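Undergrad: One structure, as structure tokens, below. Some questions next.
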Amino acid sequence: MGSTGRRSKRFLAEGKSILIFVGILWVIEVLNLITSHSLNRLGLQPRSMVGLIGIPLSPFLHGSVTHLLSNTPPLLILGFMICLRGTASFVAYSFQIAMIGGMGVWLFGRSSIHVGASGLLFGYFGFLVASAWFERKPLSIALALLALFLYSGLIWGVLPSQPFVSWESHLCGLIAGIIVARLQASPGK
């Protein structure tokens with residue numbers, strides 16, 4: 001198999017990874033919907049011991065179908081860009097972003113139950129842009145420019161705007177993505 005065939009196969013495998021991840025989010029949302037969103041009690045509750053379980057779980061829970069619908073397109077696109085680094089890297093970076101960002105919300109978030117994958121997608125955005133800065137590799141720069149072109153408007157989501165939107169998750173996710181990019185950066189050509 002030639003290099004083009006290998007690239008195509010890898011491209012399809014990485015695409016499958018993000019589709020599986022988003023598919024899991026939708027399965028959980030259907031289960032949550034059936035139970036009148038009772039799973040959301042497992043969301044992130046700042047500064048409470050029981051709320052610690054929400055750090056890894058909150059990205060998998062959503063307030064409504066509309067909430068998950070709004071997160072799905074950017075998760076697919078930005079997540080796929082992260083998947084291009086490999087499925088193992090995608091899983092590791094997603095976990096790190098969720099944990100670092102979640103800890104930030106747990107420490108500094110307002111008293112509420114925080115749920116949704118938007119902190120993760122802000123983390124993906126931050127990771128992609130910061131990776132271009134730290135690595136200065138052509139592919140990293142190209143992906144950052146594409147992310148900025150498609151989603152530069154996300155940056156307004158880190159400001160308090162609506163009482164039911166966790167801007168804290170957005171801000172902490174963005175910061176977490178930048179931290180993870182810095183930790184994994186390997187500058188070069």
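Residue names in the structure tokens use chain letters A, B, ... in the order shown, residue numbers from 1 in each chain, and ligand numbers from 1 in the order shown.
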Counting only C-alpha atoms, what is within 8 Å of range 107-119 of chain A, bar same-chain residues fewer than 2 positions away, as a ChimeraX atom specification?
TA: /A:40-41,43-47,58-63,67-68,71,98,101,103-105,121-123,166,168-174
Undergrad: Please produce a file of the residues just selected, as a CSV table (one decimal), in the first residue's frame, where the atoms kept are N, CA and C atoms.
TA:
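Saved to again.csv:
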chain,number,residue,atom,x,y,z
A,40,ASN,N,-27.8,14.3,35.3
A,40,ASN,CA,-27.1,15.6,35.4
A,40,ASN,C,-26.7,15.9,36.9
A,41,ARG,N,-27.3,15.2,37.8
A,41,ARG,CA,-26.9,15.4,39.2
A,41,ARG,C,-25.5,15.0,39.4
A,43,GLY,N,-23.2,16.0,37.5
A,43,GLY,CA,-22.4,17.0,36.9
A,43,GLY,C,-21.4,17.7,37.9
A,44,LEU,N,-20.6,18.6,37.4
A,44,LEU,CA,-19.6,19.2,38.2
A,44,LEU,C,-20.3,20.3,39.1
A,45,GLN,N,-20.1,20.1,40.4
A,45,GLN,CA,-20.6,21.0,41.4
A,45,GLN,C,-19.4,21.6,42.2
A,46,PRO,N,-19.1,22.9,41.9
A,46,PRO,CA,-17.9,23.5,42.5
A,46,PRO,C,-17.9,23.4,44.0
A,47,ARG,N,-16.6,23.2,44.4
A,47,ARG,CA,-16.3,23.2,45.9
A,47,ARG,C,-17.1,22.2,46.7
A,58,SER,N,-18.8,15.5,33.6
A,58,SER,CA,-19.6,16.6,33.1
A,58,SER,C,-19.5,16.8,31.6
A,59,PRO,N,-18.4,16.5,30.9
A,59,PRO,CA,-18.4,16.6,29.4
A,59,PRO,C,-19.3,15.7,28.7
A,60,PHE,N,-19.7,14.6,29.4
A,60,PHE,CA,-20.6,13.6,28.8
A,60,PHE,C,-22.1,13.9,29.1
A,61,LEU,N,-22.4,14.8,29.9
A,61,LEU,CA,-23.7,15.2,30.3
A,61,LEU,C,-24.1,16.5,29.6
A,62,HIS,N,-25.4,16.6,29.2
A,62,HIS,CA,-25.9,17.8,28.6
A,62,HIS,C,-27.3,18.2,29.2
A,63,GLY,N,-27.6,19.5,29.2
A,63,GLY,CA,-28.8,19.9,29.8
A,63,GLY,C,-30.0,19.6,28.9
A,67,HIS,N,-28.8,21.5,23.6
A,67,HIS,CA,-27.4,21.7,24.2
A,67,HIS,C,-26.4,20.9,23.5
A,68,LEU,N,-26.7,19.6,23.4
A,68,LEU,CA,-25.7,18.7,22.7
A,68,LEU,C,-25.7,19.0,21.2
A,71,ASN,N,-23.3,21.7,20.5
A,71,ASN,CA,-21.9,21.2,20.7
A,71,ASN,C,-21.4,20.3,19.7
A,98,ALA,N,-10.2,17.8,30.0
A,98,ALA,CA,-11.3,17.7,30.9
A,98,ALA,C,-10.9,17.8,32.4
A,101,GLY,N,-9.4,21.6,33.0
A,101,GLY,CA,-10.5,22.5,33.0
A,101,GLY,C,-11.5,22.3,34.0
A,103,MET,N,-11.1,20.9,37.0
A,103,MET,CA,-10.6,21.3,38.3
A,103,MET,C,-10.7,22.9,38.4
A,104,GLY,N,-10.4,23.6,37.3
A,104,GLY,CA,-10.6,25.0,37.3
A,104,GLY,C,-12.0,25.5,37.7
A,105,VAL,N,-13.0,24.8,37.0
A,105,VAL,CA,-14.4,25.1,37.3
A,105,VAL,C,-14.7,24.7,38.8
A,121,LEU,N,-14.6,21.4,24.0
A,121,LEU,CA,-14.4,22.0,22.7
A,121,LEU,C,-13.7,23.3,22.7
A,122,PHE,N,-13.9,24.1,23.8
A,122,PHE,CA,-13.0,25.3,24.0
A,122,PHE,C,-11.6,24.9,24.2
A,123,GLY,N,-11.4,23.7,24.9
A,123,GLY,CA,-10.1,23.2,25.1
A,123,GLY,C,-9.4,22.8,23.8
A,166,SER,N,-22.4,28.0,31.2
A,166,SER,CA,-21.2,27.9,32.0
A,166,SER,C,-20.0,28.5,31.3
A,168,GLU,N,-17.6,29.7,32.8
A,168,GLU,CA,-16.5,29.2,33.5
A,168,GLU,C,-15.9,27.9,32.9
A,169,SER,N,-16.8,27.1,32.4
A,169,SER,CA,-16.3,25.9,31.7
A,169,SER,C,-15.6,26.2,30.4
A,170,HIS,N,-16.1,27.2,29.7
A,170,HIS,CA,-15.5,27.7,28.5
A,170,HIS,C,-14.1,28.3,28.8
A,171,LEU,N,-14.0,29.2,29.7
A,171,LEU,CA,-12.7,29.8,30.0
A,171,LEU,C,-11.7,28.8,30.6
A,172,CYS,N,-12.1,27.9,31.5
A,172,CYS,CA,-11.2,26.9,32.1
A,172,CYS,C,-10.8,25.9,31.0
A,173,GLY,N,-11.7,25.5,30.1
A,173,GLY,CA,-11.4,24.6,29.0
A,173,GLY,C,-10.4,25.2,28.1
A,174,LEU,N,-10.6,26.5,27.7
A,174,LEU,CA,-9.6,27.2,26.9
A,174,LEU,C,-8.2,27.2,27.5
Undergrad: Using only C-alpha atoms, which protein or nucleic acid residues come within 10 Å of Gln96 in chain A? Drop anything in the same chain fewer than 2 positions from it, and give the result as a list in words.
TA: Pro56, Phe90, Val91, Ala92, Tyr93, Ser94, Ala98, Met99, Ile100, Gly101, Gly102, Leu120, Gly123, Ala176, Gly177, Ile179 and Val180 of chain A
Undergrad: Give the alpha helix (DSSP H) residues of chain A, as DSSP finds them on the backbone, and put them as number ranges by chain.
TA: A: 3-34, 54-57, 65-83, 87-108, 118-135, 138-151, 167-184
